[in-house]
$ cat start.csv   # CSV, C-alpha atoms and all ligand atoms
chain,number,residue,atom,x,y,z
J,18,MET,CA,-1.1,14.9,27.6
J,19,THR,CA,-1.4,17.1,24.5
J,20,GLN,CA,-3.7,15.9,21.8
J,21,LEU,CA,-4.6,17.4,18.4
J,22,VAL,CA,-8.1,18.3,17.8
J,23,LEU,CA,-9.4,19.8,14.5
J,24,LEU,CA,-12.0,22.4,14.8
J,25,VAL,CA,-13.7,22.7,11.5
J,26,ARG,CA,-16.9,24.6,11.1
J,27,ASN,CA,-19.7,25.1,8.5
J,28,SER,CA,-19.5,23.6,5.1
J,29,ALA,CA,-19.4,20.1,3.9
J,30,ALA,CA,-16.0,20.7,2.3
J,31,LEU,CA,-14.6,21.9,5.6
J,32,ARG,CA,-16.1,18.8,7.3
J,33,PHE,CA,-14.4,16.7,4.7
J,34,LEU,CA,-11.0,18.5,5.4
J,35,GLY,CA,-11.5,17.9,9.1
J,36,ARG,CA,-11.6,14.1,8.7
J,37,LEU,CA,-8.3,14.1,6.8
J,38,PRO,CA,-5.0,13.6,8.6
J,39,VAL,CA,-3.6,17.0,9.5
J,40,ARG,CA,-0.8,16.8,7.0
J,41,ALA,CA,-3.2,16.0,4.1
J,42,ALA,CA,-5.6,18.7,5.1
J,43,ALA,CA,-2.7,21.2,5.4
J,44,ALA,CA,-1.5,20.3,1.9
J,45,ILE,CA,-5.0,21.1,0.5
J,46,LEU,CA,-5.5,24.2,2.5
J,47,ALA,CA,-2.0,25.7,2.0
J,48,PRO,CA,-2.7,27.0,-1.5
J,49,MET,CA,-5.8,28.8,-0.1
J,50,ALA,CA,-3.9,30.4,2.7
J,51,ARG,CA,-2.1,33.7,2.2
J,52,ALA,CA,1.6,32.8,1.8
J,53,ASP,CA,2.8,35.7,4.1
J,54,CYS,CA,0.0,35.3,6.7
J,55,PRO,CA,1.5,36.3,10.1
J,56,GLU,CA,-1.0,34.1,11.9
J,57,CYS,CA,-0.4,30.7,10.2
J,58,GLY,CA,2.8,31.3,8.3
J,59,GLY,CA,1.0,30.2,5.1
J,60,THR,CA,-0.1,26.8,6.3
J,61,GLY,CA,-3.8,27.6,6.6
J,62,TRP,CA,-3.8,26.4,10.2
J,63,LYS,CA,-3.1,28.1,13.5
J,64,THR,CA,-2.8,26.2,16.7
J,65,VAL,CA,-4.0,27.5,20.1
J,66,GLU,CA,-3.6,25.9,23.4
J,67,SER,CA,-6.7,25.6,25.6
J,68,ARG,CA,-7.5,23.8,28.8
J,69,GLY,CA,-9.9,20.9,28.3
J,70,ALA,CA,-11.3,18.5,30.9
J,71,GLY,CA,-8.4,16.1,30.2
J,72,GLY,CA,-5.6,18.7,30.5
J,73,ALA,CA,-3.9,21.0,27.9
J,74,VAL,CA,-5.3,20.6,24.4
J,75,ARG,CA,-3.7,21.9,21.4
J,76,GLU,CA,-6.3,22.8,18.8
J,77,ALA,CA,-5.7,23.4,15.2
J,78,LEU,CA,-8.0,26.1,13.9
J,79,LEU,CA,-8.5,27.1,10.3
J,80,CYS,CA,-6.9,30.4,9.8
J,81,ALA,CA,-9.1,33.3,8.7
J,82,CYS,CA,-6.8,33.8,5.7
J,83,THR,CA,-8.2,30.6,4.1
J,84,ARG,CA,-11.5,32.4,3.8
J,85,PRO,CA,-10.9,35.4,1.5
J,86,ALA,CA,-14.1,37.3,2.2
J,87,GLU,CA,-13.6,37.0,6.0
J,88,ARG,CA,-9.9,37.8,5.6
J,89,ASP,CA,-10.5,40.9,3.6
J,90,ARG,CA,-13.1,42.1,6.1
J,91,GLU,CA,-10.8,41.5,9.0
J,92,ASP,CA,-7.9,43.1,7.3
J,93,ALA,CA,-10.0,46.2,6.7
J,94,LEU,CA,-11.0,46.4,10.3
J,95,TYR,CA,-7.5,46.0,11.6
J,96,GLU,CA,-6.3,48.5,9.1
J,97,SER,CA,-8.8,51.1,10.1
J,98,ALA,CA,-8.1,50.5,13.8
J,99,ARG,CA,-4.4,51.0,13.0
J,100,ILE,CA,-3.5,47.7,14.7
J,101,PRO,CA,0.1,46.9,13.6
J,102,LYS,CA,0.5,43.8,11.4
J,103,HIS,CA,2.7,42.0,14.0
J,104,TYR,CA,-0.1,42.2,16.6
J,105,ARG,CA,-2.8,40.8,14.4
J,106,HIS,CA,-2.5,37.3,15.8
J,107,CYS,CA,-3.3,38.7,19.3
J,108,ASP,CA,-6.7,37.4,20.4
J,109,PHE,CA,-7.9,35.9,23.7
J,110,ALA,CA,-7.7,32.3,22.4
J,111,SER,CA,-4.0,32.7,21.6
J,112,PHE,CA,-3.1,34.2,25.0
J,113,GLU,CA,-1.4,31.4,26.8
J,114,THR,CA,-1.6,31.2,30.6
J,115,ASP,CA,0.1,27.9,31.2
J,116,LEU,CA,3.6,28.9,30.4
J,117,PRO,CA,6.6,26.6,31.3
J,118,HIS,CA,8.2,29.2,33.6
J,119,GLU,CA,10.9,27.9,35.8
J,120,GLY,CA,11.5,28.6,39.5
J,121,PRO,CA,9.5,28.9,42.7
J,122,ARG,CA,7.2,31.6,41.4
J,123,ALA,CA,6.1,29.8,38.2
J,124,ASP,CA,2.6,29.0,39.5
J,125,ALA,CA,2.0,32.6,40.8
J,126,TRP,CA,3.0,34.0,37.5
J,127,ASN,CA,0.6,31.8,35.6
J,128,ARG,CA,-2.2,32.7,38.0
J,129,SER,CA,-1.4,36.3,37.4
J,130,LEU,CA,-1.6,35.8,33.6
J,131,LYS,CA,-4.9,33.9,34.0
J,132,GLU,CA,-6.4,36.6,36.2
J,133,ALA,CA,-5.4,39.3,33.8
J,134,LYS,CA,-6.8,37.4,30.8
J,135,LEU,CA,-10.1,36.8,32.7
J,136,GLN,CA,-10.6,40.5,33.5
J,137,VAL,CA,-9.7,41.9,30.1
J,138,ASP,CA,-11.9,39.2,28.4
J,139,LYS,CA,-14.8,40.1,30.7
J,140,PHE,CA,-14.4,43.7,30.0
J,141,ALA,CA,-14.5,43.1,26.3
J,142,ARG,CA,-17.5,40.8,26.5
J,143,GLU,CA,-19.5,43.2,28.7
J,144,TYR,CA,-18.6,46.3,26.7
J,145,PRO,CA,-20.4,48.7,26.4
J,146,GLY,CA,-22.5,47.5,29.3
J,147,GLY,CA,-19.8,47.4,32.0
J,148,SER,CA,-19.0,50.3,34.3
J,149,GLU,CA,-15.3,50.4,33.5
J,150,ARG,CA,-14.2,53.4,31.4
J,151,GLY,CA,-10.7,52.2,31.1
J,152,LEU,CA,-8.1,49.5,31.8
J,153,LEU,CA,-4.5,50.1,32.7
J,154,LEU,CA,-2.4,47.0,32.1
J,155,MET,CA,0.8,47.3,34.1
J,156,GLY,CA,3.7,44.9,34.3
J,157,PRO,CA,7.2,44.1,33.1
J,158,CYS,CA,7.9,44.0,29.4
J,159,GLY,CA,7.2,40.7,27.6
J,160,VAL,CA,4.3,39.5,29.8
J,161,GLY,CA,1.7,40.0,27.2
J,162,LYS,CA,0.0,43.3,28.1
J,163,THR,CA,-0.2,44.5,24.5
J,164,HIS,CA,-1.5,41.1,23.4
J,165,LEU,CA,-4.4,41.3,25.9
J,166,ALA,CA,-5.2,45.0,25.1
J,167,VAL,CA,-5.1,44.3,21.3
J,168,ALA,CA,-7.3,41.2,21.9
J,169,ALA,CA,-9.9,43.5,23.5
J,170,LEU,CA,-9.7,46.2,20.9
J,171,ALA,CA,-9.9,43.7,18.1
J,172,ALA,CA,-12.9,42.0,19.7
J,173,LEU,CA,-14.7,45.3,19.9
J,174,VAL,CA,-14.0,46.5,16.4
J,175,LYS,CA,-15.1,43.2,15.1
J,176,ARG,CA,-18.4,43.8,16.9
J,177,GLY,CA,-18.8,47.1,15.0
J,178,HIS,CA,-17.3,49.5,17.6
J,179,ASP,CA,-15.0,52.2,16.5
J,180,GLY,CA,-11.4,52.0,17.9
J,181,LEU,CA,-7.8,53.1,17.4
J,182,PHE,CA,-4.4,51.7,18.3
J,183,HIS,CA,-1.7,54.2,19.1
J,184,ASP,CA,1.8,53.6,20.2
J,185,TYR,CA,2.5,56.2,22.9
J,186,ARG,CA,6.0,57.1,21.7
J,187,GLU,CA,4.8,57.4,18.0
J,188,LEU,CA,1.8,59.5,19.0
J,189,LEU,CA,3.9,61.9,21.0
J,190,LYS,CA,6.3,62.2,18.0
J,191,THR,CA,3.4,63.0,15.7
J,192,ILE,CA,2.0,65.5,18.2
J,193,GLN,CA,5.4,67.1,18.6
J,194,SER,CA,6.0,67.2,14.8
J,195,SER,CA,2.6,68.8,14.3
J,196,TYR,CA,4.1,71.8,15.8
J,197,ASN,CA,6.3,72.1,12.8
J,198,PRO,CA,4.9,74.6,10.2
J,199,VAL,CA,6.2,72.6,7.3
J,200,SER,CA,4.6,69.4,8.5
J,201,GLN,CA,1.5,68.3,6.6
J,202,THR,CA,-0.6,67.6,9.7
J,203,SER,CA,-2.0,70.2,11.8
J,204,GLU,CA,-2.3,69.7,15.5
J,205,MET,CA,-6.1,69.2,15.6
J,206,ASP,CA,-6.0,66.9,12.6
J,207,VAL,CA,-3.7,64.7,14.8
J,208,LEU,CA,-5.6,65.0,18.0
J,209,ASP,CA,-9.2,64.9,16.9
J,210,PRO,CA,-9.4,61.2,16.0
J,211,VAL,CA,-7.5,60.2,19.1
J,212,VAL,CA,-9.8,62.2,21.4
J,213,LYS,CA,-13.0,61.1,19.6
J,214,THR,CA,-12.6,57.5,18.8
J,215,GLU,CA,-14.9,55.3,20.8
J,216,VAL,CA,-12.1,53.0,22.1
J,217,LEU,CA,-8.5,54.1,22.3
J,218,LEU,CA,-5.6,51.8,22.9
J,219,LEU,CA,-2.5,53.7,24.0
J,220,ASP,CA,0.4,51.2,24.1
J,221,ASP,CA,3.6,51.5,26.1
J,222,VAL,CA,2.7,54.6,28.1
J,223,GLY,CA,5.8,56.2,29.6
J,224,ALA,CA,8.1,54.7,26.9
J,225,SER,CA,9.5,58.2,26.2
J,226,LYS,CA,9.7,61.2,28.5
J,227,PRO,CA,8.3,64.0,26.4
J,228,SER,CA,8.4,67.7,26.8
J,229,ALA,CA,6.1,69.4,29.4
J,230,TRP,CA,4.0,70.7,26.5
J,231,ALA,CA,3.6,67.2,24.9
J,232,LEU,CA,2.7,65.7,28.3
J,233,GLU,CA,0.1,68.4,28.7
J,234,THR,CA,-1.4,67.3,25.3
J,235,VAL,CA,-1.5,63.7,26.6
J,236,GLY,CA,-3.4,65.0,29.7
J,237,TYR,CA,-5.8,66.9,27.4
J,238,ILE,CA,-6.5,63.7,25.4
J,239,LEU,CA,-7.1,61.6,28.6
J,240,ASN,CA,-9.3,64.3,30.3
J,241,SER,CA,-11.4,64.8,27.2
J,242,ARG,CA,-12.0,61.1,26.8
J,243,TYR,CA,-12.8,60.7,30.5
J,244,ASN,CA,-15.2,63.6,30.4
J,245,ASP,CA,-16.9,62.3,27.3
J,246,ASN,CA,-17.2,58.8,28.9
J,247,ARG,CA,-15.1,57.2,26.2
J,248,VAL,CA,-13.1,54.0,27.0
J,249,THR,CA,-9.3,54.1,27.0
J,250,LEU,CA,-7.1,51.0,27.2
J,251,LEU,CA,-3.5,51.6,28.3
J,252,THR,CA,-0.4,49.4,28.7
J,253,THR,CA,2.8,50.4,30.6
J,254,ASN,CA,6.0,48.8,31.7
J,255,TYR,CA,6.2,51.2,34.6
J,256,LEU,CA,4.8,50.3,38.0
J,257,ASP,CA,3.7,52.6,40.8
J,258,ARG,CA,6.6,51.6,43.0
J,259,GLY,CA,10.0,52.2,41.4
J,260,ASP,CA,11.0,48.7,40.3
J,261,PRO,CA,14.2,47.6,41.8
J,262,ALA,CA,15.9,45.9,38.9
J,263,ALA,CA,18.7,43.4,39.0
J,264,PRO,CA,21.9,44.9,40.2
J,265,VAL,CA,24.2,46.0,37.4
J,266,ARG,CA,27.7,44.8,37.6
J,267,MET,CA,30.3,47.4,36.5
J,268,PRO,CA,33.4,46.4,34.6
J,269,SER,CA,35.4,47.0,37.8
J,270,GLY,CA,33.3,44.2,39.4
J,271,GLN,CA,31.5,46.7,41.6
J,272,SER,CA,27.7,46.1,41.7
J,273,LEU,CA,25.2,48.9,41.5
J,274,ALA,CA,21.6,48.6,42.7
J,275,ARG,CA,19.4,50.2,40.1
J,276,VAL,CA,15.9,51.5,40.6
J,277,GLU,CA,13.6,52.0,37.7
J,278,ASP,CA,11.3,55.0,37.3
J,279,SER,CA,7.7,54.7,38.5
J,280,LEU,CA,4.9,55.5,36.2
J,281,ALA,CA,4.4,58.8,37.9
J,282,ASP,CA,8.1,59.6,37.2
J,283,ARG,CA,7.4,59.0,33.5
J,284,VAL,CA,4.1,60.8,33.0
J,285,GLY,CA,3.8,63.2,35.9
J,286,GLN,CA,1.6,63.0,39.0
J,287,ARG,CA,-1.4,64.7,37.4
J,288,ILE,CA,-1.7,62.1,34.6
J,289,ARG,CA,-1.1,59.3,37.0
J,290,SER,CA,-4.0,60.5,39.2
J,291,ARG,CA,-6.2,60.8,36.2
J,292,LEU,CA,-5.5,57.2,35.2
J,293,TYR,CA,-6.4,56.1,38.7
J,294,GLU,CA,-9.8,57.7,38.3
J,295,MET,CA,-10.6,56.5,34.8
J,296,CYS,CA,-9.1,53.0,34.8
J,297,ARG,CA,-9.3,49.7,36.5
J,298,THR,CA,-5.6,48.7,37.1
J,299,ILE,CA,-4.6,45.2,36.2
J,300,GLU,CA,-1.0,44.4,37.2
J,301,ILE,CA,0.5,41.4,35.6
J,302,ASP,CA,3.2,39.8,37.7
J,303,ALA,CA,5.1,37.3,35.6
J,304,SER,CA,8.5,36.8,34.1
J,305,ASP,CA,9.5,38.1,30.7
J,306,TYR,CA,8.4,35.1,28.8
J,307,ARG,CA,9.3,36.6,25.5
J,308,ARG,CA,12.9,37.0,26.6
J,309,GLU,CA,13.0,33.5,28.0
J,310,ILE,CA,11.9,31.9,24.8
J,311,ARG,CA,12.9,34.6,22.3
J,312,HIS,CA,14.1,32.1,19.7
J,313,ALA,CA,12.0,29.1,20.7
J,314,GLY,CA,8.4,30.0,20.2
J,315,PRO,CA,5.8,32.3,18.9
J,316,TYR,CA,6.3,36.0,19.3
J,317,ARG,CA,4.5,37.2,22.4
J,318,ALA,CA,3.5,40.8,22.3
J,401,ZN,ZN,-3.3,32.4,7.8

$ encode --input "start.csv" --output "structure tokens" --more "lines below"
Ligand SMILES: [Zn+2]
Amino acid sequence: MTQLVLLVRNSAALRFLGRLPVRAAAAILAPMARADCPECGGTGWKTVESRGAGGAVREALLCACTRPAERDREDALYESARIPKHYRHCDFASFETDLPHEGPRADAWNRSLKEAKLQVDKFAREYPGGSERGLLLMGPCGVGKTHLAVAALAALVKRGHDGLFHDYRELLKTIQSSYNPVSQTSEMDVLDPVVKTEVLLLDDVGASKPSAWALETVGYILNSRYNDNRVTLLTTNYLDRGDPAAPVRMPSGQSLARVEDSLADRVGQRIRSRLYEMCRTIEIDASDYRREIRHAGPYRA
């Protein structure tokens, strides 16, 4: 049974809002909310699902955008960590692990999501105390790897740590273009912050197959970070076994079995081995929830 709970903190004004029916509170809050807020859509409220004693509870939380000082501080943090706007709603509270999957593996998938969330959350809470120097989140696309990695990065930068988000493909493009003499950025200007930031999130590793030289640069970044004991969070759609995908049916009706690349196929054996040494691997085995509900629910990174 889903019930609505209002969580309102601090001031008397907010306690007053919390006693109002949701619609009335929303009407008062909406003008304070940022109209284009990606988290609440301008309503001033965002809902998260959590498991209470009595089952699933949908909680309405005041969105940070209704508190301008906090909003500005958060925006500045996300901005300086280069976290893209469409991932700014990604925190641990909004990572759902009781998804209405269908089929015989639904429970196993949700267990896998829960376990992954538990481990990444624990890593973020214990940082910098824990022994892990990295996390490698592996799994098919749409299961929420980026969501969890961003949640960890965001939690750390909010606690005052220094961190950067980089999309693997974009970073390689930047590295490759820094070769160009007319480009404004020199190679070290590009690499230095990536190598030296305290926490690096490298998203979608293996998404492109770069030149041998660019791969060597990725190896250099990872080795330097490993040697300097800096934490790297990585996500990838590629598994260690080549993933046997659904057979492709040709126009002729003939069906072709297809095997996806493994991670080592995409980044080379040397980088794969380095990742083994520096990361705890968390494999998420779940269906592509984003594809299942593409037009029916919130975007799931
Ligand atoms: Zn908002």

$ residues_near_ligand --input "start.csv" --ligand "ligand ZN 401 (chain J)" --cutoff "9 Å" --atoms "only C-alpha atoms and all ligand atoms" --output "PyMOL selection string"
chain J and resi 47+50-63+79-83+88

$ write_last_selection --input "start.csv" --atoms "C-alpha atoms" --output "PDB file, in the coordinates of the input"
ATOM      1  CA  ALA J  47      -2.000  25.700   2.000  1.00  0.00           C
ATOM      2  CA  ALA J  50      -3.900  30.400   2.700  1.00  0.00           C
ATOM      3  CA  ARG J  51      -2.100  33.700   2.200  1.00  0.00           C
ATOM      4  CA  ALA J  52       1.600  32.800   1.800  1.00  0.00           C
ATOM      5  CA  ASP J  53       2.800  35.700   4.100  1.00  0.00           C
ATOM      6  CA  CYS J  54       0.000  35.300   6.700  1.00  0.00           C
ATOM      7  CA  PRO J  55       1.500  36.300  10.100  1.00  0.00           C
ATOM      8  CA  GLU J  56      -1.000  34.100  11.900  1.00  0.00           C
ATOM      9  CA  CYS J  57      -0.400  30.700  10.200  1.00  0.00           C
ATOM     10  CA  GLY J  58       2.800  31.300   8.300  1.00  0.00           C
ATOM     11  CA  GLY J  59       1.000  30.200   5.100  1.00  0.00           C
ATOM     12  CA  THR J  60      -0.100  26.800   6.300  1.00  0.00           C
ATOM     13  CA  GLY J  61      -3.800  27.600   6.600  1.00  0.00           C
ATOM     14  CA  TRP J  62      -3.800  26.400  10.200  1.00  0.00           C
ATOM     15  CA  LYS J  63      -3.100  28.100  13.500  1.00  0.00           C
ATOM     16  CA  LEU J  79      -8.500  27.100  10.300  1.00  0.00           C
ATOM     17  CA  CYS J  80      -6.900  30.400   9.800  1.00  0.00           C
ATOM     18  CA  ALA J  81      -9.100  33.300   8.700  1.00  0.00           C
ATOM     19  CA  CYS J  82      -6.800  33.800   5.700  1.00  0.00           C
ATOM     20  CA  THR J  83      -8.200  30.600   4.100  1.00  0.00           C
ATOM     21  CA  ARG J  88      -9.900  37.800   5.600  1.00  0.00           C
TER      22      ARG J  88
END

$ atom_distance --input "start.csv" --atom1 "CA of Leu154 (chain J)" --atom2 "CA of Ile301 (chain J)"
7.2 Å

$ residues_near_point --input "start.csv" --point "(4.8, 40.9, 32.0)" --cutoff "7 Å" --atoms "all atoms listed in the file" --output "ChimeraX atom specification"
/J:156-162,301-305

$ atom_distance --input "start.csv" --atom1 "CA of Ser241 (chain J)" --atom2 "CA of Ala229 (chain J)"
18.2 Å

$ closest_residue --input "start.csv" --among "J:Glu277, J:Asp257, J:Glu113, J:Asp138" --to "Met155 (chain J)" --atoms "only C-alpha atoms"
J:Asp257

$ atom_distance --input "start.csv" --atom1 "CA of Ala281 (chain J)" --atom2 "CA of Ala171 (chain J)"
28.7 Å

$ closest_residue --input "start.csv" --among "J:Thr114, J:Ile299, J:Phe140, J:Leu173" --to "Ala73 (chain J)" --atoms "all atoms listed in the file"
J:Thr114

$ closest_residue --input "start.csv" --among "J:Ala98, J:Ile192, J:Ala172, J:Leu116" --to "Asp206 (chain J)" --atoms "all atoms listed in the file"
J:Ile192

$ residues_around --input "start.csv" --residues "Met205 (chain J)" --least-positions-apart "6" --cutoff "10 Å" --atoms "only C-alpha atoms" --output "PDB file with C-alpha atoms, keeping the file's coordinate frame"
ATOM      1  CA  ILE J 192       2.000  65.500  18.200  1.00  0.00           C
ATOM      2  CA  SER J 195       2.600  68.800  14.300  1.00  0.00           C
ATOM      3  CA  VAL J 211      -7.500  60.200  19.100  1.00  0.00           C
ATOM      4  CA  VAL J 212      -9.800  62.200  21.400  1.00  0.00           C
TER       5      VAL J 212
END

$ closest_residue --input "start.csv" --among "J:Val167, J:Met295, J:Val174, J:Val284" --to "Thr249 (chain J)" --atoms "only C-alpha atoms"
J:Met295

$ residues_around --input "start.csv" --residues "Arg176 (chain J)" --least-positions-apart "4" --cutoff "12 Å" --atoms "only C-alpha atoms" --output "list in words"
Glu91, Leu94, Ala141, Arg142, Glu143, Tyr144, Pro145, Ala169, Leu170, Ala171, Ala172 and Gly180 of chain J

$ closest_residue --input "start.csv" --among "J:Glu300, J:Thr252, J:Leu153, J:Arg75" --to "Arg128 (chain J)" --atoms "only C-alpha atoms"
J:Glu300
